[in-house]
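S.K.: Sharing run34.txt, compact mmCIF, C-alpha atoms (C1' of nucleotides):
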# COMPACT_ATOMS: atom_id res chain seq x y z
CA MET A 1 -57.12 -66.03 154.16
CA ARG A 2 -53.91 -64.34 155.16
CA LYS A 3 -50.93 -64.05 152.91
CA VAL A 4 -48.72 -66.09 155.22
CA ASP A 5 -51.27 -68.88 155.29
CA ARG A 6 -51.58 -68.87 151.55
CA GLN A 7 -47.84 -69.01 151.18
CA ARG A 8 -47.60 -71.92 153.58
CA LEU A 9 -50.17 -73.64 151.42
CA LEU A 10 -48.12 -72.95 148.33
CA ARG A 11 -45.16 -74.58 150.02
CA ASN A 12 -47.25 -77.68 150.59
CA LEU A 13 -48.68 -77.72 147.12
CA ILE A 14 -45.24 -77.54 145.59
CA GLN A 15 -44.27 -80.66 147.49
CA THR A 16 -47.36 -82.67 146.66
CA HIS A 17 -48.05 -81.59 143.09
CA GLU A 18 -46.16 -81.05 139.90
CA ILE A 19 -46.86 -77.36 139.39
CA GLU A 20 -46.07 -76.25 135.88
CA ARG A 21 -47.64 -72.83 135.75
CA GLN A 22 -48.77 -70.16 138.14
CA GLU A 23 -52.29 -70.86 136.97
CA ASP A 24 -51.92 -74.35 138.42
CA PHE A 25 -51.55 -72.76 141.82
CA VAL A 26 -54.63 -70.67 141.18
CA LYS A 27 -56.66 -73.75 140.31
CA LEU A 28 -55.43 -75.82 143.22
CA LEU A 29 -56.29 -73.01 145.59
CA GLN A 30 -59.67 -72.67 143.97
CA ALA A 31 -60.25 -76.34 144.72
CA GLU A 32 -59.81 -75.38 148.37
CA GLN A 33 -62.23 -72.48 148.06
CA ILE A 34 -59.47 -69.92 148.01
CA GLU A 35 -59.83 -67.29 145.33
CA VAL A 36 -56.65 -65.65 144.10
CA THR A 37 -55.37 -64.46 140.78
CA GLN A 38 -52.21 -65.18 138.89
CA ALA A 39 -50.91 -61.74 139.84
CA THR A 40 -50.97 -62.63 143.50
CA ILE A 41 -49.27 -65.94 142.90
CA SER A 42 -46.58 -64.19 140.95
CA ARG A 43 -45.96 -61.89 143.91
CA ASP A 44 -45.91 -64.82 146.31
CA ILE A 45 -43.44 -66.68 144.16
CA LYS A 46 -41.16 -63.70 144.11
CA GLU A 47 -41.41 -63.21 147.84
CA MET A 48 -40.83 -66.89 148.59
CA GLN A 49 -38.11 -67.06 145.95
CA LEU A 50 -39.63 -70.09 144.30
CA VAL A 51 -38.13 -71.04 140.97
CA LYS A 52 -39.40 -72.60 137.80
CA VAL A 53 -37.09 -75.47 136.95
CA PRO A 54 -36.83 -77.18 133.59
CA ASN A 55 -37.47 -80.90 134.01
CA ALA A 56 -34.87 -83.38 132.88
CA ASP A 57 -37.11 -84.74 130.16
CA GLU A 58 -39.63 -82.07 129.29
CA GLY A 59 -41.71 -79.31 130.77
CA TYR A 60 -41.11 -77.20 133.84
CA HIS A 61 -42.09 -77.26 137.46
CA TYR A 62 -41.93 -74.86 140.36
CA SER A 63 -39.55 -75.69 143.16
CA LEU A 64 -38.25 -74.43 146.48
CA PRO A 65 -35.32 -72.03 146.29
CA LEU A 66 -31.84 -73.43 145.77
CA GLU A 67 -30.12 -72.06 148.81
CA LYS A 68 -32.76 -73.48 151.08
CA LYS A 69 -32.26 -76.92 149.60
CA LEU A 70 -28.47 -76.77 149.85
CA ASP A 71 -28.81 -75.85 153.49
CA VAL A 72 -31.30 -78.59 154.14
CA LYS A 73 -29.08 -81.22 152.58
CA GLU A 74 -26.13 -80.07 154.66
CA LYS A 75 -28.21 -80.12 157.81
CA LEU A 76 -29.45 -83.60 156.98
CA ARG A 77 -25.91 -84.77 156.41
CA ARG A 78 -24.84 -83.52 159.82
CA THR A 79 -27.85 -84.87 161.60
CA LEU A 80 -27.36 -88.26 160.03
CA ARG A 81 -23.67 -88.26 160.76
CA ASP A 82 -24.41 -87.60 164.41
CA ALA A 83 -27.52 -89.65 164.88
CA TYR A 84 -27.54 -92.43 162.29
CA VAL A 85 -27.77 -96.03 163.41
CA THR A 86 -28.97 -98.12 160.45
CA HIS A 87 -31.16 -97.93 157.41
CA ASN A 88 -33.00 -100.31 155.19
CA GLN A 89 -35.10 -100.33 152.05
CA GLN A 90 -37.82 -102.74 151.04
CA ASP A 91 -40.41 -102.31 148.32
CA TYR A 92 -41.23 -98.64 148.32
CA PHE A 93 -40.30 -98.11 151.96
CA VAL A 94 -37.11 -96.85 153.50
CA VAL A 95 -36.52 -97.06 157.21
CA ILE A 96 -33.89 -95.06 159.03
CA LYS A 97 -33.02 -95.88 162.58
CA ALA A 98 -31.37 -93.13 164.60
CA HIS A 99 -30.41 -92.34 168.14
CA PRO A 100 -33.45 -91.66 170.33
CA GLY A 101 -35.07 -88.30 169.75
CA ASN A 102 -33.56 -87.67 166.34
CA ALA A 103 -36.12 -89.25 164.07
CA PRO A 104 -38.51 -86.29 163.84
CA ALA A 105 -35.76 -83.93 162.75
CA ILE A 106 -34.60 -86.36 160.09
CA ALA A 107 -38.14 -86.88 158.86
CA SER A 108 -38.68 -83.18 158.59
CA LEU A 109 -35.44 -82.59 156.71
CA LEU A 110 -36.24 -85.38 154.28
CA ASP A 111 -39.65 -83.92 153.69
CA GLN A 112 -38.15 -80.59 152.84
CA LEU A 113 -35.53 -81.94 150.51
CA GLN A 114 -36.51 -85.01 148.59
CA SER A 115 -40.13 -84.33 148.18
CA GLU A 116 -40.36 -85.50 144.58
CA ASP A 117 -39.61 -89.09 145.53
CA ILE A 118 -41.30 -89.16 148.87
CA PHE A 119 -44.95 -89.78 149.42
CA GLY A 120 -44.78 -89.27 153.15
CA THR A 121 -42.77 -89.86 156.30
CA ILE A 122 -43.70 -91.16 159.72
CA GLY A 123 -41.32 -90.39 162.53
CA GLY A 124 -41.23 -92.13 165.87
CA ASP A 125 -38.61 -91.27 168.41
CA ASP A 126 -35.74 -93.18 166.90
CA THR A 127 -37.19 -94.47 163.63
CA VAL A 128 -38.29 -92.81 160.44
CA LEU A 129 -40.44 -94.68 158.01
CA ILE A 130 -40.39 -93.12 154.58
CA ILE A 131 -43.04 -94.08 152.10
CA CYS A 132 -41.84 -93.47 148.57
CA LYS A 133 -43.91 -93.15 145.45
CA SER A 134 -42.37 -96.24 143.87
CA GLU A 135 -39.80 -98.91 144.55
CA GLU A 136 -37.51 -97.18 142.09
CA GLN A 137 -37.70 -93.96 144.02
CA ALA A 138 -37.15 -95.81 147.26
CA LYS A 139 -33.95 -97.19 145.80
CA GLN A 140 -32.90 -93.72 144.75
CA LEU A 141 -33.56 -92.46 148.23
CA ARG A 142 -31.52 -95.26 149.72
CA VAL A 143 -28.61 -94.37 147.48
CA PHE A 144 -29.04 -90.73 148.36
CA ILE A 145 -28.82 -91.55 152.06
CA GLU A 146 -25.82 -93.77 151.57
CA ASP A 147 -24.16 -91.00 149.64
CA LEU A 148 -24.73 -88.59 152.46
CA LEU A 149 -23.15 -91.00 154.91
CA LYS A 150 -20.05 -91.60 152.83
CA MET B 1 -20.09 -71.50 117.03
CA ARG B 2 -21.30 -74.82 118.25
CA LYS B 3 -24.11 -75.27 120.66
CA VAL B 4 -21.88 -76.87 123.28
CA ASP B 5 -19.47 -73.98 123.10
CA ARG B 6 -22.23 -71.45 123.41
CA GLN B 7 -23.64 -73.27 126.37
CA ARG B 8 -20.25 -73.34 128.04
CA LEU B 9 -20.13 -69.61 127.49
CA LEU B 10 -23.54 -69.20 129.07
CA ARG B 11 -22.28 -71.07 132.09
CA ASN B 12 -19.44 -68.59 132.35
CA LEU B 13 -21.62 -65.56 131.81
CA ILE B 14 -23.99 -66.67 134.52
CA GLN B 15 -21.08 -66.74 136.94
CA THR B 16 -19.61 -63.40 136.01
CA HIS B 17 -22.72 -61.35 135.36
CA GLU B 18 -26.05 -60.71 136.92
CA ILE B 19 -28.29 -61.96 134.14
CA GLU B 20 -31.85 -60.79 134.56
CA ARG B 21 -33.39 -61.64 131.24
CA GLN B 22 -32.69 -63.94 128.34
CA GLU B 23 -32.09 -60.84 126.26
CA ASP B 24 -29.12 -60.09 128.53
CA PHE B 25 -27.53 -63.28 127.30
CA VAL B 26 -28.21 -62.26 123.74
CA LYS B 27 -26.51 -58.91 124.25
CA LEU B 28 -23.51 -60.32 126.08
CA LEU B 29 -23.00 -62.83 123.30
CA GLN B 30 -23.35 -60.08 120.75
CA ALA B 31 -20.53 -58.26 122.51
CA GLU B 32 -18.43 -61.30 121.71
CA GLN B 33 -19.52 -61.31 118.07
CA ILE B 34 -21.86 -64.20 118.58
CA GLU B 35 -25.27 -63.75 117.04
CA VAL B 36 -28.12 -65.66 118.60
CA THR B 37 -31.74 -64.95 119.29
CA GLN B 38 -33.76 -65.16 122.43
CA ALA B 39 -35.40 -68.33 121.11
CA THR B 40 -32.09 -70.13 121.09
CA ILE B 41 -31.25 -68.92 124.56
CA SER B 42 -34.59 -70.16 125.79
CA ARG B 43 -33.80 -73.59 124.39
CA ASP B 44 -30.34 -73.55 125.93
CA ILE B 45 -31.75 -72.60 129.28
CA LYS B 46 -34.18 -75.44 129.15
CA GLU B 47 -31.52 -77.91 128.11
CA MET B 48 -29.06 -76.74 130.74
CA GLN B 49 -31.85 -76.54 133.29
CA LEU B 50 -30.95 -73.02 134.30
CA VAL B 51 -33.43 -71.28 136.52
CA LYS B 52 -34.57 -67.74 137.03
CA VAL B 53 -34.33 -67.00 140.72
CA PRO B 54 -36.02 -64.11 142.51
CA ASN B 55 -33.40 -62.03 144.29
CA ALA B 56 -33.68 -61.48 148.00
CA ASP B 57 -34.24 -57.77 147.56
CA GLU B 58 -35.64 -57.21 144.10
CA GLY B 59 -35.43 -58.42 140.57
CA TYR B 60 -34.48 -61.82 139.23
CA HIS B 61 -31.36 -63.52 137.97
CA TYR B 62 -30.52 -66.70 136.16
CA SER B 63 -28.65 -69.37 138.05
CA LEU B 64 -27.28 -72.87 137.71
CA PRO B 65 -29.77 -75.58 138.49
CA LEU B 66 -30.09 -76.82 142.01
CA GLU B 67 -29.26 -80.40 141.19
CA LYS B 68 -26.13 -79.34 139.38
CA LYS B 69 -25.00 -77.29 142.35
CA LEU B 70 -25.70 -80.12 144.72
CA ASP B 71 -23.84 -82.47 142.43
CA VAL B 72 -20.91 -80.14 142.03
CA LYS B 73 -20.55 -79.69 145.73
CA GLU B 74 -20.76 -83.43 146.22
CA LYS B 75 -18.19 -84.05 143.52
CA LEU B 76 -15.87 -81.49 145.04
CA ARG B 77 -16.27 -83.09 148.42
CA ARG B 78 -15.29 -86.46 147.02
CA THR B 79 -12.44 -85.16 144.96
CA LEU B 80 -11.05 -83.32 147.93
CA ARG B 81 -11.51 -86.29 150.18
CA ASP B 82 -9.54 -88.43 147.77
CA ALA B 83 -6.95 -85.98 146.60
CA TYR B 84 -6.53 -83.34 149.29
CA VAL B 85 -3.09 -82.74 150.77
CA THR B 86 -3.13 -79.30 152.40
CA HIS B 87 -4.64 -75.89 152.07
CA ASN B 88 -3.81 -72.40 153.10
CA GLN B 89 -5.25 -68.92 153.00
CA GLN B 90 -3.44 -65.62 152.97
CA ASP B 91 -4.81 -62.22 152.05
CA TYR B 92 -7.30 -62.87 149.32
CA PHE B 93 -5.68 -66.06 148.12
CA VAL B 94 -6.42 -69.64 148.94
CA VAL B 95 -4.08 -72.42 147.91
CA ILE B 96 -5.06 -76.05 147.79
CA LYS B 97 -2.46 -78.70 147.38
CA ALA B 98 -3.62 -82.04 146.06
CA HIS B 99 -2.23 -85.29 144.77
CA PRO B 100 -0.62 -84.89 141.34
CA GLY B 101 -3.07 -84.50 138.50
CA ASN B 102 -6.03 -83.51 140.61
CA ALA B 103 -5.65 -79.76 140.69
CA PRO B 104 -7.42 -78.98 137.41
CA ALA B 105 -10.52 -80.91 138.42
CA ILE B 106 -10.65 -79.13 141.75
CA ALA B 107 -10.20 -75.76 140.10
CA SER B 108 -12.97 -76.46 137.69
CA LEU B 109 -15.37 -77.62 140.39
CA LEU B 110 -14.62 -74.54 142.47
CA ASP B 111 -15.29 -72.35 139.48
CA GLN B 112 -18.63 -73.93 138.97
CA LEU B 113 -19.75 -73.74 142.54
CA GLN B 114 -18.47 -70.83 144.52
CA SER B 115 -18.20 -68.33 141.80
CA GLU B 116 -19.59 -65.41 143.76
CA ASP B 117 -16.52 -65.32 146.00
CA ILE B 118 -13.97 -66.34 143.45
CA PHE B 119 -12.28 -64.03 141.06
CA GLY B 120 -10.36 -66.77 139.31
CA THR B 121 -8.46 -69.99 139.73
CA ILE B 122 -5.12 -71.18 138.42
CA GLY B 123 -4.53 -74.88 138.41
CA GLY B 124 -1.16 -76.53 138.08
CA ASP B 125 -0.84 -80.27 138.33
CA ASP B 126 -1.09 -80.59 142.08
CA THR B 127 -1.81 -77.04 143.21
CA VAL B 128 -4.78 -74.75 142.82
CA LEU B 129 -4.36 -71.06 143.45
CA ILE B 130 -7.70 -69.38 144.03
CA ILE B 131 -7.89 -65.64 143.80
CA CYS B 132 -10.85 -64.33 145.74
CA LYS B 133 -12.52 -61.00 145.43
CA SER B 134 -11.59 -59.97 148.96
CA GLU B 135 -9.85 -61.29 152.02
CA GLU B 136 -13.23 -61.76 153.62
CA GLN B 137 -14.35 -63.97 150.79
CA ALA B 138 -11.09 -65.88 150.91
CA LYS B 139 -11.80 -66.63 154.55
CA GLN B 140 -15.28 -67.80 153.66
CA LEU B 141 -13.86 -70.04 151.01
CA ARG B 142 -11.38 -71.50 153.46
CA VAL B 143 -14.18 -72.28 155.89
CA PHE B 144 -16.20 -73.76 153.07
CA ILE B 145 -13.33 -76.07 152.17
CA GLU B 146 -12.76 -77.06 155.77
CA ASP B 147 -16.45 -77.82 156.07
CA LEU B 148 -16.28 -80.08 153.06
CA LEU B 149 -13.39 -81.96 154.56
CA LYS B 150 -15.05 -82.53 157.92
C1' DG C 1 -30.10 -81.81 114.79
C1' DT C 2 -30.03 -76.51 115.11
C1' DT C 3 -31.71 -72.02 114.34
C1' DG C 4 -34.47 -67.39 113.64
C1' DA C 5 -38.81 -65.13 113.00
C1' DA C 6 -43.12 -64.99 114.34
C1' DT C 7 -46.37 -66.25 117.56
C1' DA C 8 -48.52 -68.17 121.60
C1' DC C 9 -48.11 -68.51 126.14
C1' DT C 10 -46.78 -67.36 130.83
C1' DA C 11 -45.24 -64.25 134.33
C1' DA C 12 -44.39 -59.57 136.23
C1' DT C 13 -45.97 -55.08 136.92
C1' DT C 14 -48.96 -51.07 136.83
C1' DC C 15 -52.70 -48.87 138.40
C1' DA C 16 -56.75 -48.33 140.97
C1' DA C 17 -59.12 -49.80 144.85
C1' DA C 18 -60.04 -51.37 149.38
C1' DT D 1 -50.26 -53.35 152.68
C1' DT D 2 -52.63 -56.45 149.84
C1' DT D 3 -55.21 -57.50 145.92
C1' DG D 4 -57.51 -58.10 141.00
C1' DA D 5 -57.97 -56.50 136.37
C1' DA D 6 -55.60 -55.10 132.74
C1' DT D 7 -51.44 -54.56 130.59
C1' DT D 8 -46.70 -55.11 129.55
C1' DA D 9 -42.67 -57.75 129.65
C1' DG D 10 -40.54 -61.89 129.12
C1' DT D 11 -40.28 -66.82 127.79
C1' DA D 12 -41.47 -71.06 125.20
C1' DT D 13 -42.88 -73.09 121.07
C1' DT D 14 -44.22 -73.52 116.30
C1' DC D 15 -43.08 -73.54 111.83
C1' DA D 16 -40.08 -73.16 108.07
C1' DA D 17 -35.44 -73.39 106.64
C1' DC D 18 -31.00 -75.09 106.76
Just give me the structure as structure tokens.

M.R.:
Amino acid sequence: MRKVDRQRLLRNLIQTHEIERQEDFVKLLQAEQIEVTQATISRDIKEMQLVKVPNADEGYHYSLPLEKKLDVKEKLRRTLRDAYVTHNQQDYFVVIKAHPGNAPAIASLLDQLQSEDIFGTIGGDDTVLIICKSEEQAKQLRVFIEDLLK
Amino acid sequence: MRKVDRQRLLRNLIQTHEIERQEDFVKLLQAEQIEVTQATISRDIKEMQLVKVPNADEGYHYSLPLEKKLDVKEKLRRTLRDAYVTHNQQDYFVVIKAHPGNAPAIASLLDQLQSEDIFGTIGGDDTVLIICKSEEQAKQLRVFIEDLLK
DNA sequence: GTTGAATACTAATTCAAA
DNA sequence: TTTGAATTAGTATTCAAC
């Protein structure tokens, strides 16, 4: 496996798992038949500028770099401002309706940004369906979106 | 020295110095006659949710947490939206005029967020004078403010 | 609740190898 | 240039004290 591929995988793992230690990466990769050592992960993390963030309550987790996230949020704000039509939340779903063609971009930006709350997104042409991990997190996401639109 | 005061100091240090290791904090505090150990700094970092970020080129530095930065920017946006009157940039200065009483909050938020460009801020009651490190950075700050107001 | 000293743990780097 | 094994450097936690 190539370095770039491994790093893409790391990016995915970080979004789908709570990674507390570099060894967690090693184990998750092992589960996919990819053998690497902690040393390699450390180098990847440096290269990708991942950071280990203290959780609000306790423990730590690895996360995407700050600047990237700031940029993503700004981009999302602008996209929504230009393309937003309506949104809605029910149970652990949030639906955003946008002008035709804009849904995939919005889905992608949400994926990049809010990954802790979001289980997955499905983008049509003008509609994004966001499946959250809980109703609570769906509410948070709704508030987050409303905040962006303010 | 109280914990809160020390942590406020850490917040300042992080903005004015390139902190690579927790021991750097210890030494900088020592220089101000404050004796703490690395263990305490580690606890502070966890509590304040500071993160160690890989630099683009090489090395690492401690930084404010992503969420905090996002929040600060958001807060600044709202404060400006509510309280903004005019702004102006000349040489390496930027002046923001706001409704009476709002300048200190704006100054503080700017300090927290954009510290790389900003040498210092002086807040009156309705005016913030921001001294940047160069004219170039003053221009960047102006653009940043205009972006926030869009 | 807060801290330092010692320690355990985790991450970064060195060094050799391919 | 990329990697693993071993090592060093750095960070988090424990434990005792206050």

S.K.: Calculate the C-alpha RMSD, in Å to one decimal, after superposing chain B onto chain A by least squares over all C-alpha atoms paired in sequence order.

M.R.: 1.5 Å

S.K.: Might you pull out every residue within 12 Å of segment 117-133 of chain B, with all atoms listed in the file counted and same-chain residues fewer than 5 positions away left off, and present them as number ranges by chain?

M.R.: B: 12, 15-16, 80, 83-112, 138-142, 144-145

S.K.: In Å, rounded to a single decimal, give me how far atom CA of Val26 of chain A is from atom CA of Tyr62 of chain B.

M.R.: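 Computed distance, atom CA of Tyr62 of chain B to atom CA of Val26 of chain A, equals 24.9 Å.
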
S.K.: Can you check which residues of chain B have any atom within 9 Å of chain C? Use only C-alpha atoms (C1' of nucleotides) and format it as a list of chain:residue names.

M.R.: B:Lys3, B:Val36, B:Thr37, B:Ala39, B:Thr40

S.K.: Could you give me, as a tab-separated table, every chain B residue with an atom at most 6 Å from chain A, plus its closest atom pair and distance in Å to one decimal, counting all atoms listed in the file, rows ordered by chain then number?

M.R.:
residue	atom	partner	partner_atom	distance
B:Lys46	CA	A:Pro54	CA	5.5
B:Gln49	CA	A:Pro54	CA	5.0
B:Val51	CA	A:Val53	CA	5.6
B:Val53	CA	A:Val51	CA	5.6
B:Pro54	CA	A:Gln49	CA	5.0
B:Leu66	CA	A:Leu66	CA	5.4

S.K.: Work out how far atom CA of Phe25 of chain B is from atom CA of Ser42 of chain B, in Å to one decimal.

M.R.: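 Atom CA of Phe25 of chain B lies at a distance of 10.0 Å from atom CA of Ser42 of chain B.
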
S.K.: Using only C-alpha atoms (C1' of nucleotides), pick whichever of A:Leu149, A:Arg8, A:Ile19, A:Arg2 has the shortest atom-to-atom distance to chain D.

M.R.: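 Selected residue with least distance to chain D: A:Arg2.
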
S.K.: Up to 9 Å from chain B, what residues of chain D turn up? Count all atoms listed in the file and give them as number ranges by chain.

M.R.: D: 10-13

S.K.: What is the atom CA of Leu29 of chain B-atom CA of Gln7 of chain B distance in Å, reported with one decimal?

M.R.: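 Answer for the atom CA of Leu29 of chain B to atom CA of Gln7 of chain B separation: 10.9 Å.
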
S.K.: Using the atoms already present, construct N, CA, C and O atoms for segment 5-29 of chain A and hand them back as an mmCIF file, keeping the file's coordinate frame.

M.R.:
data_model
loop_
_atom_site.group_PDB
_atom_site.id
_atom_site.type_symbol
_atom_site.label_atom_id
_atom_site.label_comp_id
_atom_site.auth_asym_id
_atom_site.auth_seq_id
_atom_site.Cartn_x
_atom_site.Cartn_y
_atom_site.Cartn_z
ATOM 1 N N ASP A 5 -50.615 -67.567 155.366
ATOM 2 C CA ASP A 5 -51.270 -68.880 155.290
ATOM 3 C C ASP A 5 -51.271 -69.390 153.855
ATOM 4 O O ASP A 5 -51.017 -70.563 153.598
ATOM 5 N N ARG A 6 -51.577 -68.476 152.953
ATOM 6 C CA ARG A 6 -51.580 -68.870 151.550
ATOM 7 C C ARG A 6 -50.200 -69.356 151.134
ATOM 8 O O ARG A 6 -50.048 -70.369 150.469
ATOM 9 N N GLN A 7 -49.196 -68.634 151.580
ATOM 10 C CA GLN A 7 -47.840 -69.010 151.180
ATOM 11 C C GLN A 7 -47.435 -70.348 151.794
ATOM 12 O O GLN A 7 -46.724 -71.132 151.166
ATOM 13 N N ARG A 8 -47.883 -70.608 152.989
ATOM 14 C CA ARG A 8 -47.600 -71.920 153.580
ATOM 15 C C ARG A 8 -48.251 -73.006 152.729
ATOM 16 O O ARG A 8 -47.667 -74.043 152.451
ATOM 17 N N LEU A 9 -49.466 -72.712 152.291
ATOM 18 C CA LEU A 9 -50.170 -73.640 151.420
ATOM 19 C C LEU A 9 -49.404 -73.876 150.117
ATOM 20 O O LEU A 9 -49.267 -75.010 149.649
ATOM 21 N N LEU A 10 -48.901 -72.811 149.560
ATOM 22 C CA LEU A 10 -48.120 -72.950 148.330
ATOM 23 C C LEU A 10 -46.940 -73.895 148.560
ATOM 24 O O LEU A 10 -46.626 -74.733 147.727
ATOM 25 N N ARG A 11 -46.302 -73.721 149.693
ATOM 26 C CA ARG A 11 -45.160 -74.580 150.020
ATOM 27 C C ARG A 11 -45.588 -76.040 150.039
ATOM 28 O O ARG A 11 -44.855 -76.921 149.575
ATOM 29 N N ASN A 12 -46.746 -76.296 150.594
ATOM 30 C CA ASN A 12 -47.250 -77.680 150.590
ATOM 31 C C ASN A 12 -47.560 -78.156 149.190
ATOM 32 O O ASN A 12 -47.169 -79.251 148.802
ATOM 33 N N LEU A 13 -48.262 -77.327 148.465
ATOM 34 C CA LEU A 13 -48.680 -77.720 147.120
ATOM 35 C C LEU A 13 -47.480 -78.093 146.263
ATOM 36 O O LEU A 13 -47.501 -79.059 145.507
ATOM 37 N N ILE A 14 -46.434 -77.315 146.408
ATOM 38 C CA ILE A 14 -45.240 -77.540 145.590
ATOM 39 C C ILE A 14 -44.633 -78.901 145.888
ATOM 40 O O ILE A 14 -43.965 -79.499 145.050
ATOM 41 N N GLN A 15 -44.857 -79.386 147.102
ATOM 42 C CA GLN A 15 -44.270 -80.660 147.490
ATOM 43 C C GLN A 15 -45.154 -81.827 147.059
ATOM 44 O O GLN A 15 -44.677 -82.946 146.874
ATOM 45 N N THR A 16 -46.429 -81.579 146.924
ATOM 46 C CA THR A 16 -47.360 -82.670 146.660
ATOM 47 C C THR A 16 -47.847 -82.699 145.211
ATOM 48 O O THR A 16 -48.479 -83.662 144.804
ATOM 49 N N HIS A 17 -47.592 -81.631 144.476
ATOM 50 C CA HIS A 17 -48.050 -81.590 143.090
ATOM 51 C C HIS A 17 -46.918 -81.145 142.176
ATOM 52 O O HIS A 17 -45.997 -80.471 142.598
ATOM 53 N N GLU A 18 -47.059 -81.535 140.943
ATOM 54 C CA GLU A 18 -46.160 -81.050 139.900
ATOM 55 C C GLU A 18 -46.773 -79.767 139.346
ATOM 56 O O GLU A 18 -47.699 -79.820 138.536
ATOM 57 N N ILE A 19 -46.284 -78.648 139.791
ATOM 58 C CA ILE A 19 -46.860 -77.360 139.390
ATOM 59 C C ILE A 19 -46.087 -76.823 138.202
ATOM 60 O O ILE A 19 -44.898 -76.535 138.301
ATOM 61 N N GLU A 20 -46.758 -76.681 137.093
ATOM 62 C CA GLU A 20 -46.070 -76.250 135.880
ATOM 63 C C GLU A 20 -46.224 -74.767 135.614
ATOM 64 O O GLU A 20 -45.366 -74.153 135.003
ATOM 65 N N ARG A 21 -47.356 -74.246 136.018
ATOM 66 C CA ARG A 21 -47.640 -72.830 135.750
ATOM 67 C C ARG A 21 -48.240 -72.183 136.986
ATOM 68 O O ARG A 21 -48.812 -72.865 137.832
ATOM 69 N N GLN A 22 -48.171 -70.880 137.012
ATOM 70 C CA GLN A 22 -48.770 -70.160 138.140
ATOM 71 C C GLN A 22 -50.271 -70.402 138.172
ATOM 72 O O GLN A 22 -50.866 -70.444 139.254
ATOM 73 N N GLU A 23 -50.848 -70.582 137.020
ATOM 74 C CA GLU A 23 -52.290 -70.860 136.970
ATOM 75 C C GLU A 23 -52.635 -72.175 137.666
ATOM 76 O O GLU A 23 -53.759 -72.340 138.152
ATOM 77 N N ASP A 24 -51.680 -73.103 137.699
ATOM 78 C CA ASP A 24 -51.920 -74.350 138.420
ATOM 79 C C ASP A 24 -52.143 -74.078 139.903
ATOM 80 O O ASP A 24 -53.009 -74.688 140.541
ATOM 81 N N PHE A 25 -51.348 -73.172 140.428
ATOM 82 C CA PHE A 25 -51.550 -72.760 141.820
ATOM 83 C C PHE A 25 -52.946 -72.186 142.000
ATOM 84 O O PHE A 25 -53.667 -72.546 142.934
ATOM 85 N N VAL A 26 -53.313 -71.319 141.095
ATOM 86 C CA VAL A 26 -54.630 -70.670 141.180
ATOM 87 C C VAL A 26 -55.736 -71.727 141.242
ATOM 88 O O VAL A 26 -56.621 -71.676 142.101
ATOM 89 N N LYS A 27 -55.625 -72.717 140.361
ATOM 90 C CA LYS A 27 -56.660 -73.750 140.310
ATOM 91 C C LYS A 27 -56.677 -74.629 141.558
ATOM 92 O O LYS A 27 -57.732 -74.968 142.069
ATOM 93 N N LEU A 28 -55.491 -74.982 142.021
ATOM 94 C CA LEU A 28 -55.430 -75.820 143.220
ATOM 95 C C LEU A 28 -55.983 -75.079 144.434
ATOM 96 O O LEU A 28 -56.637 -75.672 145.293
ATOM 97 N N LEU A 29 -55.739 -73.792 144.484
ATOM 98 C CA LEU A 29 -56.290 -73.010 145.590
ATOM 99 C C LEU A 29 -57.806 -72.884 145.454
ATOM 100 O O LEU A 29 -58.540 -72.960 146.448
#
